[in-house]
Amino acid sequence: MSYRILSTVVIFLLFTATASGPLRGQSSDLPAHGPAYVDDQGVIRWSRTDAEVHGFGVNYTVPFAHAYRSAERLGVDPLRAIDRDVYHFARMGFDLYRIHVWDTEISDTLGNLIFNRHLNAFDYLLAELAKRDINYVLTPIAFWGNGWPEPDEDTPGFSHRYGKAASLTDEAAIRAQENYLTQFMNHVNPYTGVAYRDDPRLIAVEISNEPHHRGTAAEVTRFVRRMVEAVRASGTEKPVFYNISHSVQRVPDYFAGGINGGTFQWYPAGLVYGEALPVNALPYVDDYAIPFDSVVRANGGAKIVYEFDPADIDHAYPYPAMARSFRSAGIQLATHFAYDPTFLAYANTEYNTHYMNLAYTPAKAIGLMIAGEVFHRVPRYADFGAYPRDTTFGDFTVSYRRDLALLNAAETYYYSGDVAVGPRAIDSLLHLAGTGSSPVVTYDGTGAYFLDRLDAATWRLEVMPDAFRVGNAYGSNSPDKAVTVLQHNLRGMSVRLPGLAGPFTVSPVTPGNDHAVEVAGDSFAVRPGVYLLGKPDATATWPADRRVGNRLVGEYGGPAGRVDRTYLTHEAPSVAVAGRELHIEVRATTPNGLPDAVTLVGAGGPPIKLTHRGGFTYTGTVPADRMMAGYLTYFLTVAAGDSVRTFPADAAGSPYAWDFYADLPYRIRVVPEGTPLRLFDAGRDFEKLAYSRWLPSLSRYPVGAGGEDELHVTVEELAPVDPENTTASPVADYTIAHFLDDRLPATELPDYSTLVVTGRSLSESTETVQVALVLEDGTSYAAPVTLTPERREHLIPLSRLRREPTVTMPRPYPSFLPYYFESETPQPFDLSAAQTVQIRIGPGLSVSERTRAHGIGIGHIDLR
């Protein structure tokens, strides 16, 4: 034992030679509220005050696995990375952290704890969180390897030896976990000198991450009890939680094992779609319905959300809505999954279905910040009705059409994008955060900014770098491919806030920022950094090292820029209508800042110089007289000084040059008014389909001599039992969804009257499917189609479409969430509002038909 302690001390000293965060020592006294406990009503409370506990924050993984390895490969000190990111957490107002610890990296096969660089970094992280008054929920066991998204390494831990399934049943694996849990809780953090079991910032312990129990009730209860007792063997009185959103048929058995509450997750649109989902997410996040909530409450269980994210949805507005739904479900603590380490966020390699970082996803980060405020302002079990009535709740507003999350309270005003509504009570305003512009701040950059009132005449301004999305953040990512770049540009800003009515100065605070700011009225230009707005002597009263809350006046969280070449992004529509002008939108920058000019070349006429609209955005219009039926082809050029680059080829030179060879233009299909519009094509769209569940029979099958394809699927079992919810009534449905994206023209649609489905039954008998158009508000209008073994067209007059429940697609996790969505105030049928085509097997089938196999082939779906 003495050798073990000595080894730990030596390793700690080696690891901590440079470990000193920006806030030296403990930043505050121990929490006055004392440790947490769960009362008889299932409410987490602080022991000294009996006040209800609220908490909101993030998962964050730098001490472990891919994040730690990436830091080493990129030459980044993991501890310095932690410093920056923990500052982000404080800046965003988070007061909670959670992670599933990679036990496989810090244990051996017997469950002995190993003090190494991973545990050292984790200890450092916890100490830095404590300095910022951020609490945590820890999950000591993750069960899986340390590879994702890379191959697993040969790690020393018990999870690597046994795997998740055996860890739940094998006696040796169970004993290893018992040993590990007790040692984990007894581990003394060398940065704080406090054991985890006694850490005042540790609210609760969640035993393990997403166990999938398949044993009997008695076996499950016995396992859970042994895990709880192993934690308690350390002497801790911390509440112990268990994941109850998997194998939910065992919820009573989990509680019989002595837990204090259950943990939940929510991925409302599934995971790993591969690109940003082009849908209104608000129907997806309308309600977090827990069908076994009565069991939880009967057992006096508290509720925590350990992970959530509207994965693959690249917008800010879903976050406060999810937080609202959690609070309405009685949940007290929640942590988003996962915050991207800033050094790695340029590539988003860690979890490509998620993307969150204050610098790299500024609007989403403000949305998450607002969600944190929801957890502290909205009471548990508050009822705001259903979508769309619940888009305004308390001081909060969420809007799909405006792509906006908004908190407008007496002292706080946060917005995720341009907003027309000013602060509710501007004279009492103390804190402002946003992206875009509002009635009190006009800004033409793309990064987030913060304004905090320090005294009656002084505001602290923090401006993050401009963020420019240059690729698909949710696809196949690599450290060699940037998906977002940052740039430190000089940007115009106007501020109209209390205390700044007369002439004021803007004084840089960030070390190294020597930008001399000139103020004209309420307007000035700033680069990323920290500034004081007010009287000329403000920096004397508010020096950079003065503490305000859990931050210092001069602290700054903006990383350096990474623009090393010219970038241009532009999504050309797949189809346009002849005789209608075409709006063009482009985003562009160069290594030296904004371009001198962005020009559209081609399109059957003279060049069209695009107009800068703020940020990195440039727009222009192709006149209607140049929009002739056929194909519209054009290039986009970016000029900076003597340099010109041409896109989409990203080639040097101008298309007019005699030696320009990258003859690969943008190409848009231009059709006459009233031309049939193809909504779904099996060959073109197969890779972007979503399924209620993946089946091995899903395939793209060539038909005929013309290069056409069919979507083929055979469903052997229409209503399978969900292994994670075996007592639920199976839903007899199989749904395929295709998101229309830009299929419908942005301008007025012609008088389409018929939906045309080309397809066939893959059996010798007929197959009845339901074809639905899902509108922006989540309302479905559908009609049945009877497919025959012969491939042919099936005509559905739009007048025959009737409102039907919508299958939420992609399917959410956990699987106990509702299968269907129905709006309280359904939108009348409006073809221009259609966002999704759904093909459903199940609706309208008889009981006997639901028990047999079904096979269909769909070639395409058109509007005529």
# chains A, B, ... in the order shown; residues from 1 in each chain; ligands from 1
>>> closest_atom_pairs(of="segment 379-484 of chain A", to="segment 130-153 of chain A", cutoff="12 Å", atoms="only C-alpha atoms", output="JSON lines")
{"residue": "A:Ser476", "atom": "CA", "partner": "A:Pro149", "partner_atom": "CA", "distance": 10.2}
{"residue": "A:Asn477", "atom": "CA", "partner": "A:Pro149", "partner_atom": "CA", "distance": 9.6}
{"residue": "A:Ser478", "atom": "CA", "partner": "A:Pro149", "partner_atom": "CA", "distance": 9.9}
{"residue": "A:Pro479", "atom": "CA", "partner": "A:Pro149", "partner_atom": "CA", "distance": 11.6}
>>> closest_atom_pairs(of="segment 387-486 of chain A", to="segment 773-782 of chain A", cutoff="10 Å", atoms="only C-alpha atoms", output="JSON lines")
{"residue": "A:Tyr387", "atom": "CA", "partner": "A:Asp777", "partner_atom": "CA", "distance": 8.4}
{"residue": "A:Pro388", "atom": "CA", "partner": "A:Asp777", "partner_atom": "CA", "distance": 7.8}
{"residue": "A:Tyr400", "atom": "CA", "partner": "A:Glu776", "partner_atom": "CA", "distance": 9.1}
{"residue": "A:Arg401", "atom": "CA", "partner": "A:Glu776", "partner_atom": "CA", "distance": 9.4}
>>> write_last_selection(atoms="all heavy atoms", output="JSON list (two decimals), in the first residue's frame")
[["chain", "number", "residue", "atom", "x", "y", "z"],
["A", 387, "TYR", "N", -47.14, 21.76, -28.50],
["A", 387, "TYR", "CA", -46.74, 22.53, -29.68],
["A", 387, "TYR", "C", -47.96, 22.79, -30.57],
["A", 387, "TYR", "O", -48.78, 21.91, -30.76],
["A", 387, "TYR", "CB", -45.70, 21.74, -30.47],
["A", 387, "TYR", "CG", -45.21, 22.44, -31.71],
["A", 387, "TYR", "CD1", -44.28, 23.46, -31.62],
["A", 387, "TYR", "CD2", -45.71, 22.10, -32.97],
["A", 387, "TYR", "CE1", -43.84, 24.12, -32.75],
["A", 387, "TYR", "CE2", -45.26, 22.76, -34.10],
["A", 387, "TYR", "CZ", -44.34, 23.77, -33.99],
["A", 387, "TYR", "OH", -43.91, 24.43, -35.12],
["A", 388, "PRO", "N", -48.13, 24.02, -31.08],
["A", 388, "PRO", "CA", -47.20, 25.15, -31.03],
["A", 388, "PRO", "C", -47.44, 26.13, -29.88],
["A", 388, "PRO", "O", -46.76, 27.16, -29.81],
["A", 388, "PRO", "CB", -47.45, 25.82, -32.37],
["A", 388, "PRO", "CG", -48.91, 25.59, -32.62],
["A", 388, "PRO", "CD", -49.21, 24.22, -32.07],
["A", 400, "TYR", "N", -38.84, 28.13, -34.89],
["A", 400, "TYR", "CA", -38.21, 27.47, -36.03],
["A", 400, "TYR", "C", -38.05, 28.43, -37.19],
["A", 400, "TYR", "O", -36.97, 28.51, -37.80],
["A", 400, "TYR", "CB", -39.04, 26.26, -36.44],
["A", 400, "TYR", "CG", -38.74, 25.75, -37.83],
["A", 400, "TYR", "CD1", -37.53, 25.11, -38.10],
["A", 400, "TYR", "CD2", -39.65, 25.92, -38.87],
["A", 400, "TYR", "CE1", -37.24, 24.66, -39.37],
["A", 400, "TYR", "CE2", -39.37, 25.46, -40.14],
["A", 400, "TYR", "CZ", -38.17, 24.84, -40.40],
["A", 400, "TYR", "OH", -37.89, 24.39, -41.66],
["A", 401, "ARG", "N", -39.10, 29.16, -37.52],
["A", 401, "ARG", "CA", -39.05, 30.02, -38.70],
["A", 401, "ARG", "C", -38.01, 31.13, -38.55],
["A", 401, "ARG", "O", -37.37, 31.53, -39.52],
["A", 401, "ARG", "CB", -40.43, 30.61, -38.97],
["A", 401, "ARG", "CG", -41.41, 29.58, -39.49],
["A", 401, "ARG", "CD", -42.69, 30.21, -39.99],
["A", 401, "ARG", "NE", -43.56, 29.23, -40.61],
["A", 401, "ARG", "CZ", -44.74, 29.53, -41.16],
["A", 401, "ARG", "NH1", -45.19, 30.78, -41.12],
["A", 401, "ARG", "NH2", -45.47, 28.58, -41.71]]
>>> residues_around(residues="segment 618-632 of chain A", least_positions_apart="5", cutoff="8 Å", atoms="only C-alpha atoms", output="list in words")
Val577, Ala578, Gly579, Arg580, Glu581, Leu582, His583, Ile584, Glu585, Val586, Arg587, Ala588, Val598, Ala603, Gly604, Gly605, Ile608, Lys609, Leu610, Thr611, His612, Arg613, Tyr666, Arg667, Ile668, Arg669, Val670, Val671 and Pro672 of chain A
>>> write_last_selection(atoms="N, CA and C atoms", output="PDB file, in the first residue's frame")
ATOM      1  N   VAL A 577     -37.360  27.269 -61.406  1.00  0.00           N
ATOM      2  CA  VAL A 577     -38.477  27.423 -62.338  1.00  0.00           C
ATOM      3  C   VAL A 577     -38.136  28.484 -63.374  1.00  0.00           C
ATOM      4  N   ALA A 578     -38.338  28.156 -64.628  1.00  0.00           N
ATOM      5  CA  ALA A 578     -38.055  29.087 -65.716  1.00  0.00           C
ATOM      6  C   ALA A 578     -38.914  30.339 -65.577  1.00  0.00           C
ATOM      7  N   GLY A 579     -38.298  31.486 -65.901  1.00  0.00           N
ATOM      8  CA  GLY A 579     -39.024  32.745 -65.859  1.00  0.00           C
ATOM      9  C   GLY A 579     -39.132  33.358 -64.477  1.00  0.00           C
ATOM     10  N   ARG A 580     -38.526  32.739 -63.466  1.00  0.00           N
ATOM     11  CA  ARG A 580     -38.514  33.317 -62.119  1.00  0.00           C
ATOM     12  C   ARG A 580     -37.080  33.651 -61.734  1.00  0.00           C
ATOM     13  N   GLU A 581     -36.879  34.826 -61.151  1.00  0.00           N
ATOM     14  CA  GLU A 581     -35.533  35.190 -60.735  1.00  0.00           C
ATOM     15  C   GLU A 581     -35.049  34.222 -59.660  1.00  0.00           C
ATOM     16  N   LEU A 582     -33.741  34.061 -59.601  1.00  0.00           N
ATOM     17  CA  LEU A 582     -33.132  33.096 -58.698  1.00  0.00           C
ATOM     18  C   LEU A 582     -32.253  33.828 -57.700  1.00  0.00           C
ATOM     19  N   HIS A 583     -32.541  33.649 -56.411  1.00  0.00           N
ATOM     20  CA  HIS A 583     -31.736  34.258 -55.355  1.00  0.00           C
ATOM     21  C   HIS A 583     -30.502  33.392 -55.101  1.00  0.00           C
ATOM     22  N   ILE A 584     -29.344  34.008 -55.058  1.00  0.00           N
ATOM     23  CA  ILE A 584     -28.077  33.322 -54.832  1.00  0.00           C
ATOM     24  C   ILE A 584     -27.496  33.801 -53.506  1.00  0.00           C
ATOM     25  N   GLU A 585     -27.100  32.857 -52.661  1.00  0.00           N
ATOM     26  CA  GLU A 585     -26.452  33.212 -51.395  1.00  0.00           C
ATOM     27  C   GLU A 585     -25.141  32.449 -51.266  1.00  0.00           C
ATOM     28  N   VAL A 586     -24.097  33.152 -50.874  1.00  0.00           N
ATOM     29  CA  VAL A 586     -22.746  32.618 -50.825  1.00  0.00           C
ATOM     30  C   VAL A 586     -22.102  33.076 -49.521  1.00  0.00           C
ATOM     31  N   ARG A 587     -21.233  32.246 -48.970  1.00  0.00           N
ATOM     32  CA  ARG A 587     -20.392  32.676 -47.850  1.00  0.00           C
ATOM     33  C   ARG A 587     -18.942  32.498 -48.261  1.00  0.00           C
ATOM     34  N   ALA A 588     -18.131  33.515 -47.965  1.00  0.00           N
ATOM     35  CA  ALA A 588     -16.748  33.473 -48.449  1.00  0.00           C
ATOM     36  C   ALA A 588     -15.831  34.262 -47.534  1.00  0.00           C
ATOM     37  N   VAL A 598     -16.960  39.118 -54.606  1.00  0.00           N
ATOM     38  CA  VAL A 598     -17.472  37.789 -54.923  1.00  0.00           C
ATOM     39  C   VAL A 598     -18.416  37.968 -56.100  1.00  0.00           C
ATOM     40  N   ALA A 603     -24.211  31.941 -66.265  1.00  0.00           N
ATOM     41  CA  ALA A 603     -25.671  32.080 -66.162  1.00  0.00           C
ATOM     42  C   ALA A 603     -26.243  32.869 -67.326  1.00  0.00           C
ATOM     43  N   GLY A 604     -25.631  32.693 -68.495  1.00  0.00           N
ATOM     44  CA  GLY A 604     -26.206  33.273 -69.708  1.00  0.00           C
ATOM     45  C   GLY A 604     -26.195  34.778 -69.769  1.00  0.00           C
ATOM     46  N   GLY A 605     -25.205  35.427 -69.192  1.00  0.00           N
ATOM     47  CA  GLY A 605     -25.172  36.884 -69.245  1.00  0.00           C
ATOM     48  C   GLY A 605     -23.930  37.435 -68.590  1.00  0.00           C
ATOM     49  N   ILE A 608     -22.322  38.969 -62.350  1.00  0.00           N
ATOM     50  CA  ILE A 608     -23.173  39.582 -61.338  1.00  0.00           C
ATOM     51  C   ILE A 608     -22.349  39.699 -60.063  1.00  0.00           C
ATOM     52  N   LYS A 609     -22.010  40.927 -59.663  1.00  0.00           N
ATOM     53  CA  LYS A 609     -21.259  41.130 -58.439  1.00  0.00           C
ATOM     54  C   LYS A 609     -22.199  40.990 -57.252  1.00  0.00           C
ATOM     55  N   LEU A 610     -21.852  40.124 -56.333  1.00  0.00           N
ATOM     56  CA  LEU A 610     -22.703  39.884 -55.177  1.00  0.00           C
ATOM     57  C   LEU A 610     -22.461  40.950 -54.112  1.00  0.00           C
ATOM     58  N   THR A 611     -23.493  41.198 -53.320  1.00  0.00           N
ATOM     59  CA  THR A 611     -23.469  42.249 -52.303  1.00  0.00           C
ATOM     60  C   THR A 611     -23.186  41.647 -50.933  1.00  0.00           C
ATOM     61  N   HIS A 612     -22.252  42.267 -50.191  1.00  0.00           N
ATOM     62  CA  HIS A 612     -21.949  41.792 -48.842  1.00  0.00           C
ATOM     63  C   HIS A 612     -23.092  42.144 -47.905  1.00  0.00           C
ATOM     64  N   ARG A 613     -23.598  41.150 -47.187  1.00  0.00           N
ATOM     65  CA  ARG A 613     -24.749  41.345 -46.299  1.00  0.00           C
ATOM     66  C   ARG A 613     -24.379  41.226 -44.831  1.00  0.00           C
ATOM     67  N   TYR A 666     -21.344  25.127 -61.297  1.00  0.00           N
ATOM     68  CA  TYR A 666     -22.597  24.782 -60.636  1.00  0.00           C
ATOM     69  C   TYR A 666     -23.647  24.560 -61.725  1.00  0.00           C
ATOM     70  N   ARG A 667     -24.531  23.607 -61.507  1.00  0.00           N
ATOM     71  CA  ARG A 667     -25.515  23.279 -62.538  1.00  0.00           C
ATOM     72  C   ARG A 667     -26.888  23.107 -61.889  1.00  0.00           C
ATOM     73  N   ILE A 668     -27.858  23.868 -62.365  1.00  0.00           N
ATOM     74  CA  ILE A 668     -29.216  23.816 -61.819  1.00  0.00           C
ATOM     75  C   ILE A 668     -30.183  23.453 -62.933  1.00  0.00           C
ATOM     76  N   ARG A 669     -31.037  22.519 -62.671  1.00  0.00           N
ATOM     77  CA  ARG A 669     -32.067  22.127 -63.628  1.00  0.00           C
ATOM     78  C   ARG A 669     -33.187  23.167 -63.595  1.00  0.00           C
ATOM     79  N   VAL A 670     -33.435  23.804 -64.716  1.00  0.00           N
ATOM     80  CA  VAL A 670     -34.473  24.845 -64.813  1.00  0.00           C
ATOM     81  C   VAL A 670     -35.628  24.282 -65.625  1.00  0.00           C
ATOM     82  N   VAL A 671     -36.802  24.207 -65.027  1.00  0.00           N
ATOM     83  CA  VAL A 671     -37.952  23.559 -65.664  1.00  0.00           C
ATOM     84  C   VAL A 671     -39.056  24.577 -65.904  1.00  0.00           C
ATOM     85  N   PRO A 672     -39.869  24.372 -66.936  1.00  0.00           N
ATOM     86  CA  PRO A 672     -41.004  25.270 -67.170  1.00  0.00           C
ATOM     87  C   PRO A 672     -42.006  25.190 -66.017  1.00  0.00           C
TER      88      PRO A 672
END
>>> select_by_dssp(residues="segment 276-355 of chain A", states="strand (DSSP E or B)", output="PyMOL selection string")
chain A and resi 302-308+333-336
>>> residues_around(residues="Pro750 of chain A", least_positions_apart="4", cutoff="9 Å", atoms="only C-alpha atoms", output="tab-separated table (two decimals) with N, CA and C atoms, in the first residue's frame")
chain	number	residue	atom	x	y	z
A	673	GLU	N	-42.74	26.24	-65.85
A	673	GLU	CA	-43.82	26.27	-64.87
A	673	GLU	C	-44.75	25.08	-65.07
A	674	GLY	N	-45.08	24.38	-64.00
A	674	GLY	CA	-46.00	23.25	-64.08
A	674	GLY	C	-45.36	21.93	-64.41
A	675	THR	N	-44.03	21.89	-64.63
A	675	THR	CA	-43.34	20.62	-64.88
A	675	THR	C	-43.48	19.72	-63.67
>>> residues_around(residues="Ser328 of chain A", least_positions_apart="4", cutoff="12 Å", atoms="only C-alpha atoms", output="number ranges by chain")
A: 285-290, 303, 321-324, 332, 374-375, 378-386, 390, 393
>>> write_last_selection(atoms="C-alpha atoms", output="PDB file, in the first residue's frame")
ATOM      1  CA  VAL A 285     -38.928  17.941 -28.589  1.00  0.00           C
ATOM      2  CA  ASP A 286     -42.480  18.792 -27.572  1.00  0.00           C
ATOM      3  CA  ASP A 287     -42.782  16.303 -24.732  1.00  0.00           C
ATOM      4  CA  TYR A 288     -40.513  14.036 -22.728  1.00  0.00           C
ATOM      5  CA  ALA A 289     -43.139  11.467 -21.787  1.00  0.00           C
ATOM      6  CA  ILE A 290     -41.974   8.821 -19.291  1.00  0.00           C
ATOM      7  CA  LYS A 303     -34.635  12.085 -12.057  1.00  0.00           C
ATOM      8  CA  ALA A 321     -37.518  23.548 -25.766  1.00  0.00           C
ATOM      9  CA  MET A 322     -35.850  20.327 -24.627  1.00  0.00           C
ATOM     10  CA  ALA A 323     -35.025  21.899 -21.269  1.00  0.00           C
ATOM     11  CA  ARG A 324     -38.666  22.950 -20.917  1.00  0.00           C
ATOM     12  CA  GLN A 332     -33.762  18.411 -11.853  1.00  0.00           C
ATOM     13  CA  VAL A 374     -34.737  27.252 -18.305  1.00  0.00           C
ATOM     14  CA  PHE A 375     -33.561  24.730 -15.704  1.00  0.00           C
ATOM     15  CA  VAL A 378     -39.016  26.911 -14.865  1.00  0.00           C
ATOM     16  CA  PRO A 379     -40.554  24.888 -11.999  1.00  0.00           C
ATOM     17  CA  ARG A 380     -40.651  21.103 -12.093  1.00  0.00           C
ATOM     18  CA  TYR A 381     -43.816  19.717 -13.680  1.00  0.00           C
ATOM     19  CA  ALA A 382     -44.756  23.109 -15.157  1.00  0.00           C
ATOM     20  CA  ASP A 383     -47.289  22.655 -17.973  1.00  0.00           C
ATOM     21  CA  PHE A 384     -47.166  24.967 -20.993  1.00  0.00           C
ATOM     22  CA  GLY A 385     -49.454  22.976 -23.265  1.00  0.00           C
ATOM     23  CA  ALA A 386     -48.371  21.328 -26.472  1.00  0.00           C
ATOM     24  CA  ASP A 390     -45.551  25.986 -25.878  1.00  0.00           C
ATOM     25  CA  PHE A 393     -43.127  29.829 -21.988  1.00  0.00           C
TER      26      PHE A 393
END
>>> residues_around(residues="segment 205-215 of chain A", least_positions_apart="5", cutoff="9 Å", atoms="only C-alpha atoms", output="PyMOL selection string")
chain A and resi 100-101+136-143+164-165+168-169+181+220+224+227-228+231+238-247+250+262-263+306+723-724
>>> select_by_dssp(residues="segment 622-722 of chain A", states="helix (DSSP H, G or I)", output="PyMOL selection string")
chain A and resi 624-626+682-688
>>> residues_around(residues="Ala425 of chain A", least_positions_apart="4", cutoff="9 Å", atoms="only C-alpha atoms", output="PyMOL selection string")
chain A and resi 408-411+429
>>> write_last_selection(atoms="C-alpha atoms", output="short mmCIF file (atom, residue, chain, number, x, y, z; two decimals), in the first residue's frame")
data_model
loop_
_atom_site.label_atom_id
_atom_site.label_comp_id
_atom_site.auth_asym_id
_atom_site.auth_seq_id
_atom_site.Cartn_x
_atom_site.Cartn_y
_atom_site.Cartn_z
CA ASN A 408 -36.01 38.08 -22.26
CA ALA A 409 -36.14 38.64 -18.49
CA ALA A 410 -35.79 41.69 -16.27
CA GLU A 411 -32.00 41.42 -15.85
CA LEU A 429 -30.58 44.83 -17.64
#
